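Participant: Sharing coords-v7.cif (mmCIF, C-alpha atoms and all ligand atoms) below.
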data_coords
#
loop_
_atom_site.label_atom_id
_atom_site.label_comp_id
_atom_site.auth_asym_id
_atom_site.auth_seq_id
_atom_site.Cartn_x
_atom_site.Cartn_y
_atom_site.Cartn_z
CA MET A 174 86.42 129.20 87.09
CA LYS A 175 82.83 129.70 86.02
CA ILE A 176 80.04 129.63 88.60
CA ASN A 177 76.70 128.48 87.20
CA GLN A 178 73.19 128.19 88.55
CA GLN A 179 71.58 125.26 86.79
CA ASN A 180 68.90 122.64 87.10
CA ILE A 181 70.64 119.31 87.08
CA ARG A 182 69.42 115.75 86.92
CA ILE A 183 69.83 113.30 89.74
CA ILE A 184 71.36 110.04 88.53
CA ARG A 185 71.36 108.20 91.87
CA ASN A 186 70.44 108.99 95.47
CA ILE A 187 71.44 105.96 97.53
CA ALA A 188 70.93 105.48 101.25
CA LEU A 189 74.30 104.25 102.58
CA VAL A 190 72.82 104.22 106.08
CA PRO A 191 68.99 104.10 105.93
CA ASP A 192 67.36 107.51 106.61
CA LYS A 193 70.74 108.94 107.62
CA ILE A 194 73.63 109.01 105.16
CA PHE A 195 73.11 109.38 101.42
CA LEU A 196 75.28 109.45 98.32
CA MET A 197 73.83 111.52 95.49
CA GLU A 198 75.19 111.48 91.96
CA LEU A 199 74.34 114.41 89.68
CA GLU A 200 74.73 114.92 85.96
CA SER A 201 76.73 118.06 85.18
CA ALA A 202 79.47 118.46 82.60
CA HIS A 203 80.07 121.98 83.91
CA LEU A 204 80.62 121.03 87.57
CA SER A 205 82.58 117.93 86.66
CA ARG A 206 84.95 120.04 84.56
CA GLU A 207 85.28 123.07 86.86
CA ALA A 208 85.20 121.61 90.38
CA LYS A 209 88.33 121.47 92.53
CA PRO A 210 88.69 119.45 95.76
CA GLY A 211 87.46 121.49 98.72
CA GLN A 212 84.87 123.44 96.75
CA PHE A 213 81.17 123.10 97.39
CA ILE A 214 77.76 123.59 95.79
CA GLU A 215 74.61 125.32 97.05
CA VAL A 216 71.58 123.08 96.55
CA ARG A 217 67.93 124.15 96.52
CA CYS A 218 66.36 121.13 98.18
CA VAL A 219 62.88 121.94 96.80
CA GLN A 220 61.39 123.94 93.90
CA THR A 221 59.06 125.77 96.30
CA LEU A 222 59.95 128.57 98.74
CA ASP A 223 60.18 126.51 101.92
CA PRO A 224 62.94 126.01 102.89
CA LEU A 225 63.97 129.21 101.18
CA LEU A 226 67.72 129.02 101.55
CA PRO A 227 69.90 126.63 99.59
CA ARG A 228 72.08 124.18 101.54
CA PRO A 229 75.86 123.84 101.04
CA PHE A 230 77.46 120.46 100.30
CA SER A 231 81.08 119.64 99.53
CA ILE A 232 81.92 118.11 96.20
CA HIS A 233 82.70 114.52 97.12
CA ASP A 234 83.92 113.59 93.65
CA ALA A 235 83.80 114.92 90.10
CA GLU A 236 84.53 113.14 86.83
CA ASP A 237 82.94 111.91 83.59
CA ASN A 238 80.31 114.68 83.47
CA LYS A 239 79.09 113.76 86.95
CA ILE A 240 79.60 114.95 90.49
CA LYS A 241 78.80 113.31 93.80
CA ILE A 242 77.77 114.66 97.18
CA LEU A 243 77.83 112.65 100.40
CA TYR A 244 75.36 113.97 102.95
CA GLN A 245 73.85 113.32 106.33
CA VAL A 246 70.18 113.96 107.10
CA VAL A 247 70.11 116.50 109.94
CA GLY A 248 67.08 118.71 109.31
CA GLU A 249 64.35 119.66 106.89
CA GLY A 250 66.49 120.43 103.83
CA THR A 251 68.53 117.24 103.91
CA LYS A 252 65.38 115.20 104.67
CA LEU A 253 63.73 116.62 101.52
CA LEU A 254 66.89 115.92 99.55
CA SER A 255 66.91 112.31 100.72
CA LEU A 256 63.43 111.84 99.20
CA LYS A 257 64.60 112.77 95.69
CA ARG A 258 64.55 110.08 93.03
CA PRO A 259 66.73 109.39 89.96
CA GLY A 260 65.49 111.58 87.10
CA ASP A 261 64.37 114.42 89.43
CA GLU A 262 66.02 117.78 88.87
CA ILE A 263 67.47 120.10 91.50
CA SER A 264 68.76 123.65 91.24
CA VAL A 265 72.46 123.87 92.01
CA LEU A 266 74.87 126.81 92.21
CA GLY A 267 78.58 126.14 91.89
CA PRO A 268 81.35 125.34 92.10
CA LEU A 269 81.80 127.71 95.05
CA GLY A 270 84.61 128.71 97.37
CA THR A 271 88.31 128.13 97.28
CA GLY A 272 89.56 124.58 97.25
CA PHE A 273 92.54 122.90 98.87
CA SER A 274 95.89 123.93 97.45
CA VAL A 275 98.43 121.23 96.80
CA ASP A 276 102.18 121.58 97.15
CA LYS A 277 103.51 119.12 94.57
CA LYS A 278 106.95 119.21 96.22
CA LYS A 279 105.56 117.40 99.25
CA LYS A 280 105.34 113.74 98.40
CA LYS A 281 103.08 112.72 101.26
CA ALA A 282 99.79 114.09 102.57
CA ILE A 283 97.98 113.22 105.77
CA LEU A 284 94.20 113.62 105.80
CA PHE A 285 92.20 113.90 109.02
CA ALA A 286 88.46 113.34 108.57
CA GLY A 287 85.85 113.48 111.31
CA GLY A 288 82.40 112.08 110.48
CA MET A 289 81.03 113.69 107.32
CA GLY A 290 84.37 115.48 106.94
CA ALA A 291 85.26 112.53 104.73
CA ALA A 292 83.06 114.11 102.02
CA PRO A 293 85.49 116.70 100.57
CA LEU A 294 88.61 114.72 101.49
CA TYR A 295 87.85 111.82 99.14
CA PHE A 296 87.98 114.06 96.04
CA LEU A 297 91.22 115.54 97.40
CA ALA A 298 92.73 112.09 98.05
CA ARG A 299 92.00 110.98 94.50
CA LYS A 300 93.59 114.10 93.01
CA LEU A 301 96.66 113.84 95.25
CA ILE A 302 97.20 110.25 94.16
CA GLU A 303 96.92 111.35 90.50
CA LYS A 304 99.81 113.72 91.26
CA ASN A 305 101.85 110.81 92.69
CA ILE A 306 101.49 112.08 96.24
CA ASP A 307 101.23 109.36 98.87
CA VAL A 308 98.08 109.70 100.98
CA GLU A 309 97.22 108.46 104.47
CA LEU A 310 93.82 108.87 106.11
CA TYR A 311 92.98 109.28 109.78
CA PHE A 312 89.25 108.81 110.28
CA GLY A 313 87.39 109.57 113.49
CA THR A 314 83.80 108.51 113.98
CA ARG A 315 81.22 108.17 116.77
CA ASN A 316 80.54 104.52 115.93
CA LYS A 317 81.00 101.96 113.18
CA GLU A 318 77.79 102.99 111.40
CA ASN A 319 79.64 105.80 109.61
CA LEU A 320 82.47 103.53 108.46
CA ILE A 321 80.69 103.09 105.14
CA THR A 322 81.72 106.63 104.18
CA ILE A 323 85.37 105.55 103.95
CA ASN A 324 84.78 102.63 101.58
CA PRO A 325 85.87 104.74 98.58
CA PHE A 326 89.16 105.54 100.34
CA LYS A 327 89.75 101.81 100.83
CA LYS A 328 89.44 101.33 97.07
CA LEU A 329 92.30 103.83 96.62
CA GLY A 330 94.51 101.38 98.50
CA ILE A 331 95.79 103.97 100.97
CA LYS A 332 96.75 103.43 104.61
CA ILE A 333 93.80 104.16 106.92
CA HIS A 334 93.80 104.68 110.70
CA ILE A 335 90.46 104.62 112.51
CA ALA A 336 89.31 105.74 115.95
CA SER A 337 85.74 105.51 117.25
CA GLU A 338 84.27 107.17 120.31
CA ASP A 339 82.39 104.01 121.38
CA GLY A 340 85.27 101.65 120.54
CA SER A 341 83.18 99.71 117.99
CA CYS A 342 85.92 100.09 115.36
CA GLY A 343 89.59 101.04 115.36
CA GLU A 344 91.13 102.60 118.47
CA LYS A 345 88.70 103.67 121.20
CA GLY A 346 88.56 107.43 121.61
CA MET A 347 88.84 110.56 119.53
CA ILE A 348 90.97 110.54 116.37
CA THR A 349 93.07 113.25 118.00
CA CYS A 350 94.25 110.76 120.66
CA LEU A 351 96.23 109.03 117.90
CA LEU A 352 98.26 112.19 117.43
CA ASN A 353 99.89 111.97 120.80
CA ASN A 354 100.80 108.31 120.66
CA LYS A 355 103.23 106.49 118.38
CA VAL A 356 101.12 107.08 115.27
CA GLY A 357 101.49 110.85 115.43
CA ALA A 358 105.24 110.97 115.95
CA PRO A 359 106.31 109.97 112.39
CA ILE A 360 104.01 112.61 110.90
CA ALA A 361 105.35 115.28 113.19
CA SER A 362 108.95 114.48 112.31
CA SER A 363 108.35 114.28 108.53
CA GLY A 364 107.08 117.82 107.91
CA GLN A 365 104.24 116.60 105.70
CA SER A 366 101.20 118.67 104.75
CA ILE A 367 98.00 117.94 106.58
CA PHE A 368 94.42 118.45 105.42
CA THR A 369 91.41 118.25 107.67
CA CYS A 370 87.63 118.49 107.67
CA GLY A 371 85.32 117.58 110.53
CA PRO A 372 83.88 118.84 113.80
CA ARG A 373 85.41 122.13 114.98
CA PRO A 374 86.82 120.70 118.28
CA MET A 375 88.64 117.97 116.33
CA MET A 376 90.18 120.45 113.92
CA LYS A 377 91.14 122.74 116.79
CA GLU A 378 93.09 119.89 118.44
CA ILE A 379 94.78 119.05 115.14
CA ALA A 380 95.69 122.71 114.69
CA ARG A 381 97.20 122.85 118.17
CA TRP A 382 99.24 119.72 117.46
CA ALA A 383 100.31 121.00 114.00
CA LEU A 384 101.52 124.27 115.47
CA LYS A 385 103.47 122.46 118.19
CA ASN A 386 105.19 120.30 115.54
CA ASN A 387 105.80 123.08 112.99
CA LEU A 388 103.48 121.48 110.43
CA THR A 389 101.60 123.35 107.75
CA GLY A 390 98.07 122.38 106.87
CA GLN A 391 94.65 123.33 105.62
CA ALA A 392 91.28 123.04 107.31
CA SER A 393 87.88 123.09 105.63
CA LEU A 394 85.42 125.00 107.83
CA GLU A 395 81.66 124.77 107.96
CA LYS A 396 79.32 127.60 108.82
CA GLU A 397 75.60 128.02 108.25
CA MET A 398 75.25 129.88 104.98
CA ALA A 399 72.68 131.99 103.19
CA CYS A 400 73.88 133.40 99.87
CA GLY A 401 76.98 131.19 99.46
CA VAL A 402 78.67 133.80 97.24
CA GLY A 403 80.13 136.34 99.65
CA VAL A 404 77.32 138.90 99.73
CA CYS A 405 75.30 138.47 102.95
CA LEU A 406 78.26 138.20 105.41
CA GLY A 407 76.32 135.51 107.26
CA CYS A 408 79.23 133.09 107.37
CA VAL A 409 82.15 135.12 108.70
CA VAL A 410 84.85 133.57 110.88
CA LYS A 411 87.95 135.08 112.43
CA ILE A 412 91.12 134.30 110.50
CA LYS A 413 94.45 135.85 111.51
CA GLY A 414 92.72 138.66 113.39
CA ASP A 415 90.48 139.53 110.46
CA TYR A 416 86.97 138.45 109.47
CA LYS A 417 86.67 136.20 106.42
CA ARG A 418 83.70 134.69 104.63
CA VAL A 419 83.68 130.89 104.74
CA CYS A 420 81.75 130.73 101.44
CA LYS A 421 83.97 133.04 99.39
CA ASP A 422 87.36 133.30 101.13
CA GLY A 423 87.12 129.64 102.26
CA PRO A 424 85.86 127.11 103.13
CA VAL A 425 89.51 126.01 103.12
CA PHE A 426 91.87 128.07 105.29
CA ASP A 427 95.43 127.74 106.56
CA ILE A 428 95.05 125.67 109.73
CA ASN A 429 97.50 127.88 111.60
CA GLU A 430 95.65 131.08 110.71
CA VAL A 431 92.18 130.13 111.97
CA ASP A 432 91.34 131.71 115.32
CA TRP A 433 90.08 128.45 116.85
CA GLU A 434 89.23 129.99 120.24
CA GLU A 435 87.13 132.77 118.71
CA ASN A 436 85.36 130.45 116.27
CA GLU A 437 84.80 127.60 118.70
CA ASN A 438 81.14 128.11 119.52
CA LYS A 439 79.99 129.59 116.23
C1 LIG B 501 81.02 124.49 102.92
C2 LIG B 501 80.11 123.46 103.52
C3 LIG B 501 80.17 122.15 103.06
C4 LIG B 501 79.34 121.18 103.62
N1 LIG B 501 79.43 119.91 103.14
C5 LIG B 501 78.64 118.95 103.65
C6 LIG B 501 78.71 117.63 103.14
O1 LIG B 501 79.50 117.32 102.23
N2 LIG B 501 77.89 116.69 103.67
C7 LIG B 501 77.01 117.00 104.69
O2 LIG B 501 76.29 116.11 105.17
N3 LIG B 501 76.91 118.25 105.18
C8 LIG B 501 77.70 119.24 104.68
N4 LIG B 501 77.60 120.52 105.17
C9 LIG B 501 76.59 120.80 106.21
C10 LIG B 501 75.23 120.93 105.53
O3 LIG B 501 75.22 122.09 104.74
C11 LIG B 501 74.12 121.04 106.61
O4 LIG B 501 74.05 119.84 107.32
C12 LIG B 501 72.78 121.32 105.94
O5 LIG B 501 72.77 122.62 105.41
C13 LIG B 501 71.66 121.16 106.94
O6 LIG B 501 70.46 121.49 106.28
P1 LIG B 501 69.05 120.99 106.85
O7 LIG B 501 67.97 121.83 106.25
O8 LIG B 501 68.90 119.52 106.73
O9 LIG B 501 69.19 121.27 108.39
P2 LIG B 501 68.79 122.58 109.18
O10 LIG B 501 67.36 122.42 109.65
O11 LIG B 501 69.17 123.80 108.44
O12 LIG B 501 69.76 122.39 110.41
C14 LIG B 501 69.73 121.20 111.19
C15 LIG B 501 70.92 121.19 112.10
O13 LIG B 501 72.15 121.24 111.34
C16 LIG B 501 72.94 122.39 111.72
N5 LIG B 501 73.53 122.97 110.50
C17 LIG B 501 72.87 123.57 109.50
N6 LIG B 501 73.72 124.04 108.57
C18 LIG B 501 74.96 123.72 109.02
C19 LIG B 501 76.27 123.95 108.53
N7 LIG B 501 76.50 124.61 107.41
N8 LIG B 501 77.30 123.47 109.25
C20 LIG B 501 77.10 122.85 110.39
N9 LIG B 501 75.88 122.59 110.91
C21 LIG B 501 74.83 123.04 110.24
C22 LIG B 501 71.95 123.35 112.35
O14 LIG B 501 72.60 124.19 113.30
C23 LIG B 501 70.96 122.41 113.01
O15 LIG B 501 71.42 121.96 114.27
C24 LIG B 501 78.42 121.51 104.64
C25 LIG B 501 78.37 122.82 105.11
C26 LIG B 501 79.22 123.78 104.57
C27 LIG B 501 79.15 125.18 105.07
S1 LIG B 502 76.88 132.86 102.99
FE1 LIG B 502 76.61 134.90 102.38
S2 LIG B 502 78.58 135.75 102.63
FE2 LIG B 502 78.87 133.65 103.02
#
Produce structure tokens that represent the structure in this file.
Ligand SMILES: Cc1cc2nc3c(=O)[nH]c(=O)nc-3n(C[C@H](O)[C@H](O)[C@H](O)COP(=O)(O)OP(=O)(O)OC[C@H]3O[C@@H](n4cnc5c(N)ncnc54)[C@H](O)[C@@H]3O)c2cc1C
Ligand code: FES

Facilitator:
Amino acid sequence: MKINQQNIRIIRNIALVPDKIFLMELESAHLSREAKPGQFIEVRCVQTLDPLLPRPFSIHDAEDNKIKILYQVVGEGTKLLSLKRPGDEISVLGPLGTGFSVDKKKKKAILFAGGMGAAPLYFLARKLIEKNIDVELYFGTRNKENLITINPFKKLGIKIHIASEDGSCGEKGMITCLLNNKVGAPIASSGQSIFTCGPRPMMKEIARWALKNNLTGQASLEKEMACGVGVCLGCVVKIKGDYKRVCKDGPVFDINEVDWEENENK
């Protein structure tokens, strides 16, 4: 896998939720060819020095010489990114990190996405389906505003379960509450692989449940990053009693090996 730093052209930068959630499409034969689900790119949001550090974004999809990122505006960098127009160029480093690994022997995969955690899981879902693996999505959200991020999953024709904290869509409550009711039981008894990305407390609950039911799985972690290539050690997390770099050794880790207690507040 080749990692490149390149200036690439923005094809589209659409507001899915005004001022909040954006879908950006970028022209890059290199990233489209090399990217694997679960990998990410480091994006310089401006040409100037402020903000200095690039921002990491999961690869939401990659094909036909294009890649997509799905992002939420949370601070200065993402705000500046949201102001970019088609035709503008941005400096991008990638693809970075390890992706999800797929066991082709398992014919079903269960994906758990919380909020913007849907971003890397869509690319994964598409690739799993290409390998004739049946995919089901569990999506947890604060409210129905974020539902738009799962529209691409709907187009894949997969089964989708939704839970919202305010009850405005799907079951009321956290997505993890579905695990302990009738929905979770068939997964637990089937021994399927699970894949998750989302808020740390959600993934911690899923990990606890997976362990209890002898399930294997992979979790994509997020950590504030500086270099993105394993040099600055700014993104370490505790995995199996050892410290690992989210950018280089991850962001995808074995769900049963993450020290969820240790990493909870980091
Ligand atoms: C591997 C990886 C993949 C990611 N993929 C996506 C994605 O697909 N879509 C998306 O919307 N976001 C993604 N993120 C998070 C994204 O990088 C941050 O939201 C972004 O860097 C914030 O930049 P900012 O300048 O707008 O905000 P800042 O001003 O830097 O921060 C604003 C707020 O966001 C928090 N924050 C900053 N960086 C992170 C981070 N890395 N993780 C969690 N919280 C953070 C800060 O603590 C602060 O509260 C990913 C992060 C990682 C590490
Ligand atoms: S961000 Fe520098 S080592 Fe991970």

Participant: Any idea what's packed within 6 Å of Arg185 of chain A, counting only C-alpha atoms, ignoring anything in its chain fewer than 5 positions away? Could you give it as an NGL selection string?

Facilitator: :A and (197-198 or 259)

Participant: To check your reading of the model: which residues sit at most 12 Å from ligand LIG 502 (chain B) when counting all atoms listed in the file? Write the answer as a ChimeraX atom specification.

Facilitator: /A:214-215,226-229,269-270,394-410,416-424

Participant: Those selected residues, please, written with C-alpha atoms and delivered as a short mmCIF file (atom, residue, chain, number, x, y, z; two decimals), in the frame of the given file.

Facilitator:
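What landed in out.cif:
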data_model
loop_
_atom_site.label_atom_id
_atom_site.label_comp_id
_atom_site.auth_asym_id
_atom_site.auth_seq_id
_atom_site.Cartn_x
_atom_site.Cartn_y
_atom_site.Cartn_z
CA ILE A 214 77.76 123.59 95.79
CA GLU A 215 74.61 125.32 97.05
CA LEU A 226 67.72 129.02 101.55
CA PRO A 227 69.90 126.63 99.59
CA ARG A 228 72.08 124.18 101.54
CA PRO A 229 75.86 123.84 101.04
CA LEU A 269 81.80 127.71 95.05
CA GLY A 270 84.61 128.71 97.37
CA LEU A 394 85.42 125.00 107.83
CA GLU A 395 81.66 124.77 107.96
CA LYS A 396 79.32 127.60 108.82
CA GLU A 397 75.60 128.02 108.25
CA MET A 398 75.25 129.88 104.98
CA ALA A 399 72.68 131.99 103.19
CA CYS A 400 73.88 133.40 99.87
CA GLY A 401 76.98 131.19 99.46
CA VAL A 402 78.67 133.80 97.24
CA GLY A 403 80.13 136.34 99.65
CA VAL A 404 77.32 138.90 99.73
CA CYS A 405 75.30 138.47 102.95
CA LEU A 406 78.26 138.20 105.41
CA GLY A 407 76.32 135.51 107.26
CA CYS A 408 79.23 133.09 107.37
CA VAL A 409 82.15 135.12 108.70
CA VAL A 410 84.85 133.57 110.88
CA TYR A 416 86.97 138.45 109.47
CA LYS A 417 86.67 136.20 106.42
CA ARG A 418 83.70 134.69 104.63
CA VAL A 419 83.68 130.89 104.74
CA CYS A 420 81.75 130.73 101.44
CA LYS A 421 83.97 133.04 99.39
CA ASP A 422 87.36 133.30 101.13
CA GLY A 423 87.12 129.64 102.26
CA PRO A 424 85.86 127.11 103.13
#

Participant: Would you pick out the contacts of Val216 of chain A at 12 Å or less, using all atoms listed in the file, so that residues sharing its chain but fewer than 4 positions from it are not included, and give the list as an MDAnalysis selection string?

Facilitator: chainID A and resid 177:181 197 199 220 224:232 242 244 250:251 253:254 262:269 398:401

Participant: Considering all atoms listed in the file, return as a PyMOL selection string whatever protein or nucleic-acid residues lie within 6 Å of segment 336-348 of chain A, sequence-local ones (same chain, fewer than 3 positions apart) excluded.

Facilitator: chain A and resi 313-317+351

Participant: Do a neighbour search on Leu189 of chain A at 10 Å with only C-alpha atoms, toss out local chain neighbours closer than 2 positions, and write the hits as a list in words.

Facilitator: Asn186, Ile187, Pro191, Asp192, Lys193, Ile194, Phe195, Leu196, Leu243, Tyr244, Gln245, Glu318, Asn319, Ile321 and Thr322 of chain A

Participant: Nearest to ligand LIG 501 (chain B): which of A:Glu249, A:Asp427, A:Glu309, A:Asp223 is it, counting all atoms listed in the file?

Facilitator: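 Looking only at the distances to ligand LIG 501 (chain B), the closest residue turns out to be A:Glu249.
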
Participant: Report the distance between atom CA of Lys385 of chain A and atom CA of Lys413 of chain A in Å, rounded to one decimal place.

Facilitator: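 Taking atom CA of Lys385 of chain A and atom CA of Lys413 of chain A, their separation equals 17.5 Å.
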
Participant: Do you have the atom N2 of ligand LIG 501 (chain B)-atom CA of Pro293 of chain A distance handy?

Facilitator: 8.2 Å

Participant: Go through A:Lys252, A:Arg258, A:Lys239, A:Lys300 one by one, measure the shortest atom-to-atom distance of each to ligand LIG 501 (chain B) using only C-alpha atoms and all ligand atoms, and give the residue with the smallest value.

Facilitator: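 The closest residue to ligand LIG 501 (chain B) is A:Lys252.
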
Participant: Between atom CA of Phe213 of chain A and atom P1 of ligand LIG 501 (chain B), what is the spacing in Å?

Facilitator: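 Interatomic distance, atom P1 of ligand LIG 501 (chain B) to atom CA of Phe213 of chain A: 15.5 Å.
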
Participant: A:Ile333, A:Met289, A:Ile323, A:Leu222: which is nearest ligand LIG 501 (chain B), counting only C-alpha atoms and all ligand atoms?

Facilitator: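 When distances to ligand LIG 501 (chain B) are compared using only C-alpha atoms and all ligand atoms, the smallest one comes from A:Met289.
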
Participant: Can you tell me which residues surround Gly290 of chain A at a distance of at most 9 Å, considering only C-alpha atoms, apart from same-chain residues fewer than 2 positions away, and format the answer as a list in words?

Facilitator: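 With the cut-off at 9 Å, the set is Phe285, Ala286, Gly287, Gly288, Ala292, Pro293, Leu294, Phe312, Thr369, Cys370, Gly371, Pro372 and Ser393 of chain A.
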
Participant: Considering all atoms listed in the file, can you say which of A:Lys332, A:Arg299, A:Lys279, A:Arg373 comes closest to Thr389 of chain A?

Facilitator: A:Lys279

Participant: Pick from A:Tyr295, A:Ala282, A:Leu301, A:Glu434: nearest to Gln365 of chain A, with all atoms listed in the file counted?

Facilitator: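 Smallest separation from Gln365 of chain A among the options: A:Ala282.
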
Participant: With only C-alpha atoms as the basis for distance, which of A:Ser366, A:Ala298, A:Lys327, A:Tyr311 is at the shortest distance from Lys280 of chain A?

Facilitator: A:Ser366

Participant: From the coordinates supplied, segment 221-235 of chain A should be written with N, CA, C and O atoms, as a PDB file, in the first residue's frame.

Facilitator:
ATOM      1  N   THR A 221      -2.966  27.648   4.643  1.00  0.00           N
ATOM      2  CA  THR A 221      -2.141  28.452   5.561  1.00  0.00           C
ATOM      3  C   THR A 221      -1.761  27.632   6.798  1.00  0.00           C
ATOM      4  O   THR A 221      -2.060  26.450   6.881  1.00  0.00           O
ATOM      5  N   LEU A 222      -1.119  28.275   7.785  1.00  0.00           N
ATOM      6  CA  LEU A 222      -0.602  27.504   8.923  1.00  0.00           C
ATOM      7  C   LEU A 222      -1.583  27.369  10.084  1.00  0.00           C
ATOM      8  O   LEU A 222      -1.273  26.737  11.085  1.00  0.00           O
ATOM      9  N   ASP A 223      -2.735  27.975   9.994  1.00  0.00           N
ATOM     10  CA  ASP A 223      -3.677  27.910  11.101  1.00  0.00           C
ATOM     11  C   ASP A 223      -5.044  27.431  10.602  1.00  0.00           C
ATOM     12  O   ASP A 223      -5.652  28.124   9.793  1.00  0.00           O
ATOM     13  N   PRO A 224      -5.554  26.290  11.022  1.00  0.00           N
ATOM     14  CA  PRO A 224      -4.932  25.365  11.979  1.00  0.00           C
ATOM     15  C   PRO A 224      -3.781  24.580  11.348  1.00  0.00           C
ATOM     16  O   PRO A 224      -3.857  24.178  10.186  1.00  0.00           O
ATOM     17  N   LEU A 225      -2.765  24.361  12.158  1.00  0.00           N
ATOM     18  CA  LEU A 225      -1.530  23.751  11.667  1.00  0.00           C
ATOM     19  C   LEU A 225      -1.697  22.255  11.373  1.00  0.00           C
ATOM     20  O   LEU A 225      -1.223  21.761  10.356  1.00  0.00           O
ATOM     21  N   LEU A 226      -2.382  21.577  12.292  1.00  0.00           N
ATOM     22  CA  LEU A 226      -2.441  20.116  12.165  1.00  0.00           C
ATOM     23  C   LEU A 226      -3.535  19.662  11.194  1.00  0.00           C
ATOM     24  O   LEU A 226      -4.619  20.241  11.152  1.00  0.00           O
ATOM     25  N   PRO A 227      -3.217  18.596  10.445  1.00  0.00           N
ATOM     26  CA  PRO A 227      -4.267  18.043   9.584  1.00  0.00           C
ATOM     27  C   PRO A 227      -5.314  17.342  10.439  1.00  0.00           C
ATOM     28  O   PRO A 227      -5.076  17.032  11.607  1.00  0.00           O
ATOM     29  N   ARG A 228      -6.489  17.089   9.871  1.00  0.00           N
ATOM     30  CA  ARG A 228      -7.576  16.425  10.600  1.00  0.00           C
ATOM     31  C   ARG A 228      -7.852  15.060   9.966  1.00  0.00           C
ATOM     32  O   ARG A 228      -7.922  14.950   8.734  1.00  0.00           O
ATOM     33  N   PRO A 229      -8.034  14.025  10.799  1.00  0.00           N
ATOM     34  CA  PRO A 229      -8.301  12.688  10.247  1.00  0.00           C
ATOM     35  C   PRO A 229      -9.775  12.444   9.915  1.00  0.00           C
ATOM     36  O   PRO A 229     -10.657  12.816  10.702  1.00  0.00           O
ATOM     37  N   PHE A 230     -10.020  11.825   8.775  1.00  0.00           N
ATOM     38  CA  PHE A 230     -11.391  11.445   8.383  1.00  0.00           C
ATOM     39  C   PHE A 230     -11.362  10.052   7.764  1.00  0.00           C
ATOM     40  O   PHE A 230     -10.503   9.750   6.930  1.00  0.00           O
ATOM     41  N   SER A 231     -12.335   9.237   8.143  1.00  0.00           N
ATOM     42  CA  SER A 231     -12.445   7.889   7.585  1.00  0.00           C
ATOM     43  C   SER A 231     -12.798   7.965   6.109  1.00  0.00           C
ATOM     44  O   SER A 231     -13.507   8.879   5.681  1.00  0.00           O
ATOM     45  N   ILE A 232     -12.367   6.961   5.393  1.00  0.00           N
ATOM     46  CA  ILE A 232     -12.772   6.869   3.984  1.00  0.00           C
ATOM     47  C   ILE A 232     -14.165   6.245   3.958  1.00  0.00           C
ATOM     48  O   ILE A 232     -14.364   5.111   4.387  1.00  0.00           O
ATOM     49  N   HIS A 233     -15.107   7.031   3.513  1.00  0.00           N
ATOM     50  CA  HIS A 233     -16.526   6.651   3.535  1.00  0.00           C
ATOM     51  C   HIS A 233     -16.866   5.764   2.341  1.00  0.00           C
ATOM     52  O   HIS A 233     -17.706   4.889   2.404  1.00  0.00           O
ATOM     53  N   ASP A 234     -16.167   6.021   1.229  1.00  0.00           N
ATOM     54  CA  ASP A 234     -16.314   5.170   0.048  1.00  0.00           C
ATOM     55  C   ASP A 234     -15.168   5.476  -0.910  1.00  0.00           C
ATOM     56  O   ASP A 234     -14.567   6.563  -0.837  1.00  0.00           O
ATOM     57  N   ALA A 235     -14.871   4.524  -1.769  1.00  0.00           N
ATOM     58  CA  ALA A 235     -13.789   4.711  -2.745  1.00  0.00           C
ATOM     59  C   ALA A 235     -14.075   3.866  -3.976  1.00  0.00           C
ATOM     60  O   ALA A 235     -14.179   2.651  -3.869  1.00  0.00           O
TER      61      ALA A 235
END
